[in-house]
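Listing of my_file.pdb, PDB, C-alpha atoms, pLDDT in the B column
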MODEL        1
ATOM      1  CA  MET O   1      92.867  63.553 141.730  1.00 51.00           C
ATOM      2  CA  ARG O   2      92.139  64.498 138.139  1.00 49.00           C
ATOM      3  CA  THR O   3      90.345  67.707 139.191  1.00 45.00           C
ATOM      4  CA  ALA O   4      93.316  68.729 141.342  1.00 45.00           C
ATOM      5  CA  LEU O   5      95.690  68.153 138.407  1.00 38.00           C
ATOM      6  CA  ILE O   6      93.513  70.244 136.083  1.00 42.00           C
ATOM      7  CA  LYS O   7      93.320  73.058 138.676  1.00 42.00           C
ATOM      8  CA  GLU O   8      97.105  72.992 139.109  1.00 49.00           C
ATOM      9  CA  LEU O   9      97.628  73.049 135.345  1.00 40.00           C
ATOM     10  CA  MET O  10      95.196  75.976 134.951  1.00 42.00           C
ATOM     11  CA  ALA O  11      96.943  77.891 137.753  1.00 40.00           C
ATOM     12  CA  THR O  12     100.307  77.331 136.051  1.00 41.00           C
ATOM     13  CA  VAL O  13      98.964  78.512 132.688  1.00 41.00           C
ATOM     14  CA  ALA O  14      97.357  81.583 134.321  1.00 45.00           C
ATOM     15  CA  ALA O  15     100.612  82.445 136.113  1.00 43.00           C
ATOM     16  CA  GLY O  16     102.532  82.071 132.846  1.00 44.00           C
ATOM     17  CA  CYS O  17     100.091  84.368 131.079  1.00 42.00           C
ATOM     18  CA  LEU O  18     100.402  86.993 133.813  1.00 44.00           C
ATOM     19  CA  LEU O  19     104.192  86.891 133.624  1.00 43.00           C
ATOM     20  CA  ALA O  20     104.089  87.232 129.846  1.00 44.00           C
ATOM     21  CA  VAL O  21     101.723  90.219 129.991  1.00 45.00           C
ATOM     22  CA  ALA O  22     103.162  91.984 133.053  1.00 46.00           C
ATOM     23  CA  PRO O  23     105.971  93.849 131.204  1.00 50.00           C
ATOM     24  CA  ALA O  24     103.390  95.331 128.832  1.00 54.00           C
ATOM     25  CA  CYS O  25     101.432  96.728 131.776  1.00 63.00           C
ATOM     26  CA  ARG O  26     104.146  99.144 132.875  1.00 76.00           C
ATOM     27  CA  THR O  27     103.425 102.846 133.004  1.00 90.00           C
ATOM     28  CA  GLU O  28     104.325 104.770 129.863  1.00 93.00           C
ATOM     29  CA  THR O  29     107.387 106.946 130.536  1.00 96.00           C
ATOM     30  CA  GLU O  30     108.025 110.428 129.154  1.00 97.00           C
ATOM     31  CA  GLN O  31     110.712 108.843 126.934  1.00 97.00           C
ATOM     32  CA  ASP O  32     108.072 106.443 125.568  1.00 97.00           C
ATOM     33  CA  LYS O  33     105.779 109.386 124.788  1.00 97.00           C
ATOM     34  CA  ILE O  34     108.562 111.225 122.948  1.00 98.00           C
ATOM     35  CA  ARG O  35     109.501 108.059 121.037  1.00 97.00           C
ATOM     36  CA  LYS O  36     105.831 107.831 119.957  1.00 97.00           C
ATOM     37  CA  VAL O  37     105.974 111.398 118.612  1.00 98.00           C
ATOM     38  CA  ILE O  38     109.099 110.545 116.589  1.00 97.00           C
ATOM     39  CA  THR O  39     107.728 107.271 115.241  1.00 97.00           C
ATOM     40  CA  GLY O  40     104.446 109.043 114.475  1.00 97.00           C
ATOM     41  CA  VAL O  41     106.332 111.614 112.385  1.00 96.00           C
ATOM     42  CA  GLN O  42     108.265 108.756 110.742  1.00 96.00           C
ATOM     43  CA  LYS O  43     105.012 107.014 109.750  1.00 96.00           C
ATOM     44  CA  ALA O  44     103.429 110.298 108.629  1.00 96.00           C
ATOM     45  CA  ALA O  45     106.460 111.038 106.414  1.00 93.00           C
ATOM     46  CA  GLU O  46     106.142 107.659 104.737  1.00 93.00           C
ATOM     47  CA  GLU O  47     102.434 108.377 104.178  1.00 94.00           C
ATOM     48  CA  LYS O  48     103.282 111.942 103.060  1.00 94.00           C
ATOM     49  CA  ASP O  49     100.847 113.233 105.697  1.00 96.00           C
ATOM     50  CA  ILE O  50     102.038 116.820 106.103  1.00 95.00           C
ATOM     51  CA  LYS O  51      99.151 117.726 108.429  1.00 96.00           C
ATOM     52  CA  GLN O  52     100.138 114.960 110.876  1.00 97.00           C
ATOM     53  CA  ILE O  53     103.807 116.007 110.808  1.00 96.00           C
ATOM     54  CA  ILE O  54     102.943 119.675 111.390  1.00 96.00           C
ATOM     55  CA  SER O  55     100.646 118.714 114.291  1.00 97.00           C
ATOM     56  CA  SER O  56     103.756 117.389 116.094  1.00 97.00           C
ATOM     57  CA  LEU O  57     105.396 120.825 115.956  1.00 97.00           C
ATOM     58  CA  SER O  58     104.951 123.557 118.519  1.00 97.00           C
ATOM     59  CA  ARG O  59     103.460 126.806 117.172  1.00 96.00           C
ATOM     60  CA  THR O  60     106.717 128.369 118.464  1.00 97.00           C
ATOM     61  CA  TYR O  61     108.922 126.011 116.374  1.00 97.00           C
ATOM     62  CA  ARG O  62     112.165 127.674 115.213  1.00 97.00           C
ATOM     63  CA  ASP O  63     115.331 125.975 114.028  1.00 96.00           C
ATOM     64  CA  PRO O  64     118.891 127.077 113.184  1.00 95.00           C
ATOM     65  CA  GLN O  65     118.248 126.420 109.483  1.00 91.00           C
ATOM     66  CA  GLY O  66     115.769 129.326 109.527  1.00 94.00           C
ATOM     67  CA  TYR O  67     112.508 127.363 109.410  1.00 95.00           C
ATOM     68  CA  ASP O  68     109.525 128.066 111.638  1.00 95.00           C
ATOM     69  CA  HIS O  69     106.182 126.331 112.126  1.00 93.00           C
ATOM     70  CA  ASP O  70     104.777 127.746 108.892  1.00 91.00           C
ATOM     71  CA  THR O  71     107.820 127.505 106.599  1.00 94.00           C
ATOM     72  CA  ILE O  72     108.698 123.902 107.491  1.00 93.00           C
ATOM     73  CA  LYS O  73     105.522 122.946 105.625  1.00 92.00           C
ATOM     74  CA  GLY O  74     107.039 124.290 102.388  1.00 92.00           C
ATOM     75  CA  LEU O  75     110.138 122.152 102.914  1.00 90.00           C
ATOM     76  CA  LEU O  76     107.958 119.056 103.321  1.00 91.00           C
ATOM     77  CA  ILE O  77     105.825 119.878 100.281  1.00 91.00           C
ATOM     78  CA  ALA O  78     108.947 120.289  98.122  1.00 89.00           C
ATOM     79  CA  TYR O  79     110.494 117.019  99.346  1.00 85.00           C
ATOM     80  CA  PHE O  80     107.270 115.050  98.886  1.00 87.00           C
ATOM     81  CA  PHE O  81     106.737 116.593  95.428  1.00 87.00           C
ATOM     82  CA  ARG O  82     110.198 115.431  94.308  1.00 83.00           C
ATOM     83  CA  HIS O  83     109.796 111.941  95.741  1.00 80.00           C
ATOM     84  CA  GLN O  84     106.697 109.893  95.051  1.00 80.00           C
ATOM     85  CA  LYS O  85     107.735 107.292  97.615  1.00 84.00           C
ATOM     86  CA  VAL O  86     109.434 108.159 100.897  1.00 85.00           C
ATOM     87  CA  HIS O  87     110.908 105.690 103.367  1.00 88.00           C
ATOM     88  CA  VAL O  88     112.388 106.494 106.780  1.00 91.00           C
ATOM     89  CA  TYR O  89     114.376 104.055 108.898  1.00 92.00           C
ATOM     90  CA  ILE O  90     115.395 105.029 112.446  1.00 94.00           C
ATOM     91  CA  PRO O  91     117.495 102.329 114.112  1.00 91.00           C
ATOM     92  CA  ASP O  92     117.877 103.914 117.565  1.00 93.00           C
ATOM     93  CA  ILE O  93     116.774 107.000 119.488  1.00 96.00           C
ATOM     94  CA  VAL O  94     118.537 108.481 122.531  1.00 97.00           C
ATOM     95  CA  ILE O  95     116.142 110.564 124.628  1.00 98.00           C
ATOM     96  CA  SER O  96     116.835 112.722 127.677  1.00 98.00           C
ATOM     97  CA  VAL O  97     114.089 114.454 129.653  1.00 97.00           C
ATOM     98  CA  GLU O  98     114.507 117.349 132.075  1.00 97.00           C
ATOM     99  CA  GLY O  99     111.167 118.494 133.433  1.00 95.00           C
ATOM    100  CA  PRO O 100     109.049 120.028 130.655  1.00 96.00           C
ATOM    101  CA  SER O 101     111.944 119.907 128.139  1.00 98.00           C
ATOM    102  CA  ALA O 102     113.507 116.986 126.327  1.00 98.00           C
ATOM    103  CA  LYS O 103     116.068 116.213 123.657  1.00 98.00           C
ATOM    104  CA  ALA O 104     116.162 113.323 121.204  1.00 98.00           C
ATOM    105  CA  MET O 105     119.169 112.395 119.128  1.00 97.00           C
ATOM    106  CA  PHE O 106     119.020 109.806 116.380  1.00 96.00           C
ATOM    107  CA  GLN O 107     120.138 108.918 112.908  1.00 95.00           C
ATOM    108  CA  ALA O 108     117.673 108.219 110.127  1.00 93.00           C
ATOM    109  CA  VAL O 109     118.084 106.714 106.693  1.00 90.00           C
ATOM    110  CA  LEU O 110     115.886 108.656 104.282  1.00 86.00           C
ATOM    111  CA  THR O 111     115.146 107.336 100.827  1.00 83.00           C
ATOM    112  CA  GLY O 112     112.907 108.721  98.159  1.00 77.00           C
ATOM    113  CA  GLY O 113     111.981 107.273  94.809  1.00 68.00           C
ATOM    114  CA  GLN O 114     109.751 108.084  91.900  1.00 62.00           C
ATOM    115  CA  THR O 115     107.715 104.951  91.314  1.00 55.00           C
ATOM    116  CA  GLY O 116     107.698 102.709  94.343  1.00 52.00           C
ATOM    117  CA  SER O 117     108.782  99.857  92.049  1.00 52.00           C
ATOM    118  CA  ALA O 118     111.888  97.653  91.900  1.00 51.00           C
ATOM    119  CA  VAL O 119     113.650 100.530  90.103  1.00 51.00           C
ATOM    120  CA  ASP O 120     113.643 102.373  93.437  1.00 48.00           C
ATOM    121  CA  ILE O 121     115.800  99.741  95.121  1.00 47.00           C
ATOM    122  CA  MET O 122     118.565 102.217  94.313  1.00 48.00           C
ATOM    123  CA  PRO O 123     116.562 105.364  95.093  1.00 48.00           C
ATOM    124  CA  ASP O 124     117.412 108.748  93.631  1.00 52.00           C
ATOM    125  CA  ALA O 125     117.724 110.225  97.108  1.00 59.00           C
ATOM    126  CA  LEU O 126     119.513 108.309  99.783  1.00 66.00           C
ATOM    127  CA  GLY O 127     121.024 109.707 102.884  1.00 84.00           C
ATOM    128  CA  MET O 128     121.852 109.021 106.477  1.00 89.00           C
ATOM    129  CA  TYR O 129     121.012 112.063 108.545  1.00 91.00           C
ATOM    130  CA  ALA O 130     121.781 112.910 112.166  1.00 94.00           C
ATOM    131  CA  PHE O 131     118.943 114.629 114.012  1.00 95.00           C
ATOM    132  CA  ASP O 132     119.083 116.652 117.226  1.00 97.00           C
ATOM    133  CA  VAL O 133     115.491 117.440 118.195  1.00 98.00           C
ATOM    134  CA  SER O 134     114.269 119.579 121.111  1.00 98.00           C
ATOM    135  CA  PHE O 135     110.845 119.038 122.680  1.00 98.00           C
ATOM    136  CA  ARG O 136     108.692 120.913 125.158  1.00 98.00           C
ATOM    137  CA  LYS O 137     105.621 119.633 126.917  1.00 97.00           C
ATOM    138  CA  GLU O 138     102.604 121.757 125.949  1.00 97.00           C
ATOM    139  CA  GLU O 139      99.274 120.965 127.607  1.00 94.00           C
ATOM    140  CA  ASP O 140     100.575 117.505 128.554  1.00 93.00           C
ATOM    141  CA  VAL O 141     101.644 116.725 124.957  1.00 96.00           C
ATOM    142  CA  TRP O 142     105.257 116.659 123.739  1.00 98.00           C
ATOM    143  CA  LYS O 143     105.821 119.045 120.817  1.00 98.00           C
ATOM    144  CA  VAL O 144     108.925 119.639 118.698  1.00 98.00           C
ATOM    145  CA  VAL O 145     110.229 123.172 119.323  1.00 98.00           C
ATOM    146  CA  SER O 146     113.428 122.943 117.262  1.00 97.00           C
ATOM    147  CA  ALA O 147     115.423 120.486 115.188  1.00 96.00           C
ATOM    148  CA  GLN O 148     118.834 120.386 113.598  1.00 95.00           C
ATOM    149  CA  TRP O 149     119.800 117.863 110.974  1.00 91.00           C
ATOM    150  CA  ASN O 150     122.664 117.172 108.646  1.00 91.00           C
ATOM    151  CA  ARG O 151     124.026 114.358 106.521  1.00 89.00           C
ATOM    152  CA  VAL O 152     126.123 111.986 108.604  1.00 88.00           C
ATOM    153  CA  GLY O 153     129.731 113.024 108.175  1.00 79.00           C
ATOM    154  CA  GLU O 154     128.856 116.717 107.997  1.00 69.00           C
ATOM    155  CA  GLU O 155     129.014 118.610 111.274  1.00 64.00           C
ATOM    156  CA  ILE O 156     125.854 120.090 112.826  1.00 55.00           C
ATOM    157  CA  PRO O 157     126.548 123.811 113.253  1.00 55.00           C
ATOM    158  CA  HIS O 158     126.316 124.849 116.908  1.00 55.00           C
ATOM    159  CA  HIS O 159     124.486 128.112 117.518  1.00 50.00           C
TER     160      HIS O 159
ENDMDL
END
Could you rewrite the structure in this file as structure tokens?
Amino acid sequence: MRTALIKELMATVAAGCLLAVAPACRTETEQDKIRKVITGVQKAAEEKDIKQIISSLSRTYRDPQGYDHDTIKGLLIAYFFRHQKVHVYIPDIVISVEGPSAKAMFQAVLTGGQTGSAVDIMPDALGMYAFDVSFRKEEDVWKVVSAQWNRVGEEIPHH
């Protein structure tokens, strides 16, 4: 009797574990892969890892602001030079995929401070920006091919 009870209890625990783990076993979607690129860039920005950010861009990157793959690096260097500490918060990302192309739209709160101390609670650069980012799949990896951004409240120019 006791052995049967232990076996039943173990079967119940095993079933519970499988149910708890099953959602994590789902296949990664293209949206998940794109979200990983965005969160990877977010983390790299906070670590001021320009090389990692640039590796997420297509060699054919061009945006309406006039930046390309090579000149976007200068923008990042200037921003990181001005701000010793950089923080990026992205509350939500809307992603649409059509074959080898995709679009992600999101808002991000960007803050930058000089010291990383309590003084930076009110950082010298604070802004909520709207991003409209275009991706293309290159050799089975999603790369950013263009991006538009502006402060929330300012219209993104349509080209």
For this session: Tell me, in Å to one decimal, how far CA of Val88 (chain O) is from CA of Tyr67 (chain O).
Result: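 According to the coordinates, CA of Val88 (chain O) and CA of Tyr67 (chain O) are separated by 21.0 Å.
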Exercise. With all atoms listed in the file as the atoms that count, which of O:Ala44, O:Met105, O:Val144, O:Leu57 lies nearest to Phe80 (chain O)?
Worked result: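 Selected residue with least distance to Phe80 (chain O): O:Ala44.
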Problem set entry | Pick from O:Ala102, O:Val152, O:Val97, O:Ile54 nearest to Asp68 (chain O), counting all atoms listed in the file |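 Of all the options, O:Ile54 lies closest to Asp68 (chain O).
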For this session: Identify the residues within 12 Å of coordinate (110.6, 104.8, 126.9) (same frame as the file), considering only C-alpha atoms, and give the answer as a list of chain:residue names.
Result: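 Neighbouring residues, ordered by chain and number, come to O:Arg26, O:Thr27, O:Glu28, O:Thr29, O:Glu30, O:Gln31, O:Asp32, O:Lys33, O:Ile34, O:Arg35, O:Lys36, O:Val37, O:Ile38, O:Asp92, O:Ile93, O:Val94, O:Ile95, O:Ser96, O:Val97, O:Ala104.
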For this session: Identify which of the residues O:Arg151, O:Val141, O:Val109, O:Gln65 lies closest to Tyr89 (chain O), counting all atoms listed in the file when measuring atom-to-atom distances.
Result: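 Smallest separation from Tyr89 (chain O) among the options: O:Val109.
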Please put the answer as lines of an AutoDock Vina configuration file: centre and edge lengths, in Å with one decimal, of a box along x, y and z that encloses all listed atoms of region 80-84 of chain O plus 6 Å on each side.
center_x = 108.4
center_y = 113.2
center_z = 96.6
size_x = 15.5
size_y = 18.7
size_z = 16.6
For this session: Could you expand the PyMOL selection byres ((chain O and resi 140) around 12) into the explicit residues it covers here, written as number ranges by chain?
Result: O: 30, 33-34, 99-101, 135-139, 141-143
For this session: Could you check how far CA of Met128 (chain O) sits from CA of Phe106 (chain O), in Å to one decimal?
Result: 10.3 Å
Provide region 74-94 of chain O rebuilt to N, CA and C atoms, formatted as a CSV table (one decimal), in the coordinates of the input.
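Listed below is the output, part-v9.csv:
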chain,number,residue,atom,x,y,z
O,74,GLY,N,106.5,124.1,103.8
O,74,GLY,CA,107.0,124.3,102.4
O,74,GLY,C,108.2,123.3,102.1
O,75,LEU,N,109.1,123.1,103.1
O,75,LEU,CA,110.1,122.2,102.9
O,75,LEU,C,109.6,120.8,102.7
O,76,LEU,N,108.6,120.4,103.5
O,76,LEU,CA,108.0,119.1,103.3
O,76,LEU,C,107.3,118.9,102.0
O,77,ILE,N,106.5,119.9,101.6
O,77,ILE,CA,105.8,119.9,100.3
O,77,ILE,C,106.8,119.7,99.2
O,78,ALA,N,107.9,120.4,99.2
O,78,ALA,CA,108.9,120.3,98.1
O,78,ALA,C,109.6,118.9,98.1
O,79,TYR,N,109.9,118.4,99.3
O,79,TYR,CA,110.5,117.0,99.3
O,79,TYR,C,109.5,116.0,98.8
O,80,PHE,N,108.3,116.0,99.3
O,80,PHE,CA,107.3,115.0,98.9
O,80,PHE,C,106.9,115.2,97.4
O,81,PHE,N,107.0,116.4,96.9
O,81,PHE,CA,106.7,116.6,95.4
O,81,PHE,C,107.8,115.9,94.6
O,82,ARG,N,109.1,116.0,95.0
O,82,ARG,CA,110.2,115.4,94.3
O,82,ARG,C,110.2,113.9,94.4
O,83,HIS,N,109.7,113.4,95.5
O,83,HIS,CA,109.8,111.9,95.7
O,83,HIS,C,108.4,111.3,95.9
O,84,GLN,N,108.0,110.5,95.0
O,84,GLN,CA,106.7,109.9,95.1
O,84,GLN,C,106.6,109.0,96.2
O,85,LYS,N,107.7,108.2,96.5
O,85,LYS,CA,107.7,107.3,97.6
O,85,LYS,C,108.8,107.8,98.6
O,86,VAL,N,108.5,107.8,99.9
O,86,VAL,CA,109.4,108.2,100.9
O,86,VAL,C,109.5,107.0,101.9
O,87,HIS,N,110.7,106.7,102.3
O,87,HIS,CA,110.9,105.7,103.4
O,87,HIS,C,111.9,106.3,104.4
O,88,VAL,N,111.6,106.0,105.7
O,88,VAL,CA,112.4,106.5,106.8
O,88,VAL,C,112.7,105.3,107.7
O,89,TYR,N,114.0,105.1,108.0
O,89,TYR,CA,114.4,104.1,108.9
O,89,TYR,C,115.2,104.7,110.0
O,90,ILE,N,114.7,104.5,111.3
O,90,ILE,CA,115.4,105.0,112.4
O,90,ILE,C,115.8,103.8,113.3
O,91,PRO,N,117.1,103.5,113.3
O,91,PRO,CA,117.5,102.3,114.1
O,91,PRO,C,117.5,102.5,115.6
O,92,ASP,N,117.8,103.7,116.1
O,92,ASP,CA,117.9,103.9,117.6
O,92,ASP,C,117.6,105.4,117.9
O,93,ILE,N,117.0,105.6,119.0
O,93,ILE,CA,116.8,107.0,119.5
O,93,ILE,C,117.3,107.1,120.9
O,94,VAL,N,118.1,108.2,121.2
O,94,VAL,CA,118.5,108.5,122.5
O,94,VAL,C,117.7,109.7,123.0
